[in-house]
Every structure is written in structure tokens, then in C-alpha cells.
Amino acid sequence: MPPTTSTAPSAAHVVAALDEAREHTFALVAHLGDADLERQVDPIMSPLVWDLAHIAAYEDLWCVHRHTGAPLLHADLAATYDAFETPRSVRGEIELLDAAGARAYLAAVRERTLAAIDERGIDPVIHEMVIRHELQHTETMRQALALAGMLAPGEPGLPPLRDQGRSWVMVPGGPFAMGARADSDSGFAYDNERPRHEVEVADFRIARRPVTNASWLHFSEGGGYVRREWWSDEGWAWKEEYDITHHPRVAAGHEDAPVCHVSWFEADAFARAHGARLPTEAEWEKAATWDQGTLLEGVGLVWEWTASRFTGYPGFVAHPYREYSEVFFGDAYRVLRGGSWATHPRVATPTFRNWDLPPRRQIFSGVRLADDPED
């Protein structure tokens with residue numbers, strides 16, 4: 001199910017984008033020493049040096065091996081830097097390339113990639129996927145940096161929201177086309193964004209702004225983490241087992257900035273406490289792409305949880321490999337939309353679908369409420 005190639009970029013544009021992504025990666029870790037790159041700060045995150053070498057292995061697999069048929073540069077490292085073969089929980093316990101070795105791996109693979117482009121040209125799917133893969137990993141790496149208190153000066157970039165007056169946007173019901181267009185500007189979309197299909201939604205209203213730190217502290221101080229009736233069974237069990245309360249960054253951030261590091265369980269409880277709900281992802285996309293969607297403030301500052309489980313659209317076909325999306329389909333994962341301050345604009349399109357487990361809050365996730373129209 002490859003996208004159309006009528007808007008395929010030139011080789012020069014692809015090389016420039018590859019270089020930009022690499023500069024973005026190196027700038028992210030420029031303030032860190034090798035020891036910080038090589039340690040695992042939390043079992044749910046990788047050592048940063050694993051991410052660096054994984055970026056190299058992924059690029060070599062797709063831009064060289066799959067694109068030209070050439071053997072991998074380091075076949076002996078393939079399993080170590082495969083996300084499924086080597087889960088995060090063990091990445092801090094096994095032998096990895098050190099920081100210098102990871103940088104050398106990145107440089108050697110890039111040389112091969114450029115040679116392959118000179119020889120075979122570009123593939124509009126493969127090369128765009130590799131560029132976005134690296135950009136997505138820089139956000140994952142920022143999650144690890146946030147957990148370790150090692151974000152670069154000035155991060156996270158969460159400014160206070162403007163006062164917009166009316167708190168709700170009314171969105172009329174009816175059909176709309178959901179998903180990525182085949183003739184999108186880049187000619188690329190992930191398989192889980194396709195095929196574009198018609199979805200019918202009822203009238204609904206959606207919050208103009210994401211929930212702020214001040215609102216979340218009010219929820220917390222007003223019994224948000226002790227009122228059982230606001231929590232799902234699973235959410236309450238998780239909260240009790242891990243003695244969960246609001247994330248430390250809620251109190252540390254600007255009171256009018258979007259709340260961040262919120263799990264789906266917490267987002268769901270907050271919505272119930274306010275007589276509202278989370279939007280479905282169809283509602284979210286309709287509101288964000290509607291002609292009046294610019295009335296929504298703060299899109300792209302924090303990922304926004306939806307009520308929807310992650311699954312394929314009608315007619316879904318895995319492309320170019322099953323492990324990107326399909327293996328995560330089902331009841332376990334919830335969909336997030338919109339991007340965060342740490343998401344590169346090349347990735348955060350209106351149709352991009354992120355997903356994670358309901359207890360996770362290392363991600364830069366927040367909440368935008370929805371509701372049915374008042375009678």
C-alpha cells in the first residue's frame with residue numbers, strides 16, 4: 001500500500017532531511033557526557049546510547065540492506081538493536097556499543113546510505129520513514145532525559161496558554177474523511193493512518209484549550225486521587241498499587257501551561273470528575289481538521305489522550321512492515337493525537353496516530369476534554 005509518488009522529493013531534498021534529522025539528534029545530547037549516554041535511567045526507557053545505535057541499525061536495514069540488497073554493516077548487532085528482539089527492560093543489562101562506538105556506527109551507516117542513494121536513487125517510502133523514525137526517537141530520548149532530570153536548558157517548552165474566553169467549541173455532526181490523503185504534500189503516511197475513509201460523528205463539543213496545571217492541581221487537591229467513583233476499576237487498581245498522585249512537574253510548571261505527564265487512567269478520571277469525557281480519535285481529528293479547527297488552542301504542546309483503542313482502519317494493510325503498527329492493535333493501547341513540544345513538525349501531522357498503555361505517563365501527554373451538547 002505505498003503512497004503515490006507524484007510529489008516524491010528529490011534525492012537532494014532527502015539527503016538534506018537526513019542531515020537535518022542527524023543534527024537534531026546530536027543537538028539533543030550535546031550537553032551530556034558519555035556516562036550519561038551509557039546508563040539506563042529507568043527500566044521503561046533505553047540507555048540513550050542504545051537509541052543512537054538503534055537509529056543507525058534501522059537506517060542500515062532500510063536505506064541500504066532493503067533498498068539495495070547489500071549485506072548489513074554489522075549483522076552481529078542486528079538482534080541487539082532490534083526493538084522486539086531486545087526489549088527495554090534488558091537493554092541496561094547487556095553489552096552495548098559505548099558512546100564513541102555508537103557515533104562511529106551512525107557515521108559509517110550514513111556513508112553507506114549516501115552511497116546507496118547515489119547508486120539507486122531514493123525510495124519515497126523508505127527514506128521518509130527512516131527520517132521520521134530518527135525524529136521520533138529524539139522524542140523518546142527526551143522522555144528518558146526528563147525522567148533523569150537531564151533535559152537541556154529551556155526544556156520542556158510548555159508556555160502558558162492564552163485566555164480564549166469561551167471554553168468549548170461546538171462541532172457539528174456529520175460525515176468527514178478520516179485518515180491520510182494519498183496525495184498529501186509529502187506523499188507519505190504510516191500504514192495506520194490509511195486508508196482514508198468516511199466516518200460519521202454526532203454533534204459534540206470539545207474544549208478550546210488542553211487542561212492546565214492549575215486545573216489539575218485543583219482536581220488533585222479536591223480529592224481527585226481519593227474519590228473512587230471517578231476512576232475505572234483498572235485505573236483505581238493501578239493508582240492504589242503504585243500510590244499515584246499528580247506528577248511532580250504539575251506543581252513545578254506554569255499554572256496556565258498544559259498539564260503534562262498524565263496517564264490515560266488519570267485523564268479518564270479527570271474527565272469523569274468534570275462531567276465530561278475524552279474525545280474519540282474521530283472527534284479529535286474532525287475538530288483539528290475542521291475549517292474552524294484553528295479555534296483549538298495548544299494543539300501540539302502535549303499529546304492528547306483519546307477514548308479510542310488503537311486498531312486498524314477499515315481496509316488496513318500493513319506496510320512496509322507488520323511490526324510498525326499491526327502488532328499493537330487491540331484493547332491494550334489507547335490512541336493519542338496532536339504531538340507534543342518534543343515532537344518534530346515533520347511527524348506531528350493532523351492524521352498521525354500515537355499510542356501507549358493506559359498507565360504510562362513518561363510520555364509528554366495531557367488532556368483535552370470533550371462532551372455531548374447540552375440539551
# chains A, B, ... in the order shown; residues from 1 in each chain; ligands from 1
>>> residues_around(residues="Ser325 (chain A)", least_positions_apart="4", cutoff="12 Å", atoms="only C-alpha atoms", output="list in words")
Tyr190, Asp191, Asn192, Glu193, Arg194, Phe310, Thr311, Gly312, Tyr313, Phe316, Val317, Ala318, His319, Pro320, Tyr321, Phe329, Gly330, Tyr333, Val335, Arg353, Asn354, Trp355 and Asp356 of chain A
>>> select_by_dssp(residues="region 186-351 of chain A", states="helix (DSSP H, G or I)", output="PyMOL selection string")
chain A and resi 191-193+213-224+228-230+233-242+248-252+264-273+281-289+293-295+322-324+326-328
>>> closest_residue(among="A:Val64, A:Ala257, A:Leu18, A:Ala100", to="Gly33 (chain A)", atoms="only C-alpha atoms")
A:Ala100
>>> residues_around(residues="Glu229 (chain A)", least_positions_apart="4", cutoff="9 Å", atoms="only C-alpha atoms", output="ChimeraX atom specification")
/A:269,272-273
>>> write_last_selection(atoms="N, CA and C atoms", output="PDB file, in the first residue's frame")
ATOM      1  N   ALA A 269     -10.135   9.708  34.652  1.00  0.00           N
ATOM      2  CA  ALA A 269     -10.693  10.095  35.949  1.00  0.00           C
ATOM      3  C   ALA A 269     -10.980  11.594  35.998  1.00  0.00           C
ATOM      4  N   ARG A 272     -14.204  12.305  34.094  1.00  0.00           N
ATOM      5  CA  ARG A 272     -15.385  11.894  34.865  1.00  0.00           C
ATOM      6  C   ARG A 272     -15.678  12.884  35.984  1.00  0.00           C
ATOM      7  N   ALA A 273     -14.617  13.357  36.646  1.00  0.00           N
ATOM      8  CA  ALA A 273     -14.791  14.298  37.753  1.00  0.00           C
ATOM      9  C   ALA A 273     -15.418  15.609  37.287  1.00  0.00           C
TER      10      ALA A 273
END
>>> residues_around(residues="region 128-143 of chain A", least_positions_apart="6", cutoff="8 Å", atoms="only C-alpha atoms", output="number ranges by chain")
A: 14, 17-18, 21-22, 24-25, 28, 45, 48, 51, 55, 58-59, 62-63, 151, 188, 342-344, 346-347, 362-364
>>> closest_residue(among="A:Lys239, A:Pro175, A:Phe352, A:His13", to="Val226 (chain A)", atoms="only C-alpha atoms")
A:Lys239
>>> closest_residue(among="A:Gly253, A:Ser10, A:Glu285, A:Thr80", to="Gly121 (chain A)", atoms="only C-alpha atoms")
A:Ser10
>>> atom_distance(atom1="CA of Arg91 (chain A)", atom2="CA of Leu147 (chain A)")
16.6 Å
>>> residues_around(residues="Gly298 (chain A)", least_positions_apart="3", cutoff="9 Å", atoms="only C-alpha atoms", output="list of chain:residue names")
A:Leu161, A:Arg162, A:Arg208, A:Arg209, A:Pro210, A:Pro258, A:Leu301, A:Val302
>>> atom_distance(atom1="CA of Leu77 (chain A)", atom2="CA of Trp50 (chain A)")
11.2 Å
>>> closest_residue(among="A:Ala75, A:Ala102, A:Ala56, A:Ala12", to="Asp34 (chain A)", atoms="only C-alpha atoms")
A:Ala102
>>> select_by_dssp(residues="region 125-312 of chain A", states="strand (DSSP E)", output="list in words")
Trp168, Val169, Met170, Val171, Gly174, Pro175, Phe176, Ala177, Met178, His197, Glu198, Val199, Glu200, Val201, Phe204, Arg205, Ile206, Ala207, Trp303, Glu304, Trp305, Thr306, Ala307, Ser308 and Arg309 of chain A
>>> atom_distance(atom1="CA of Val49 (chain A)", atom2="CA of Leu96 (chain A)")
7.9 Å
>>> residues_around(residues="Gly174 (chain A)", least_positions_apart="2", cutoff="9 Å", atoms="only C-alpha atoms", output="list in words")
Pro172, Phe176, Val199, Glu200, Val201, Ala202 and Asp203 of chain A
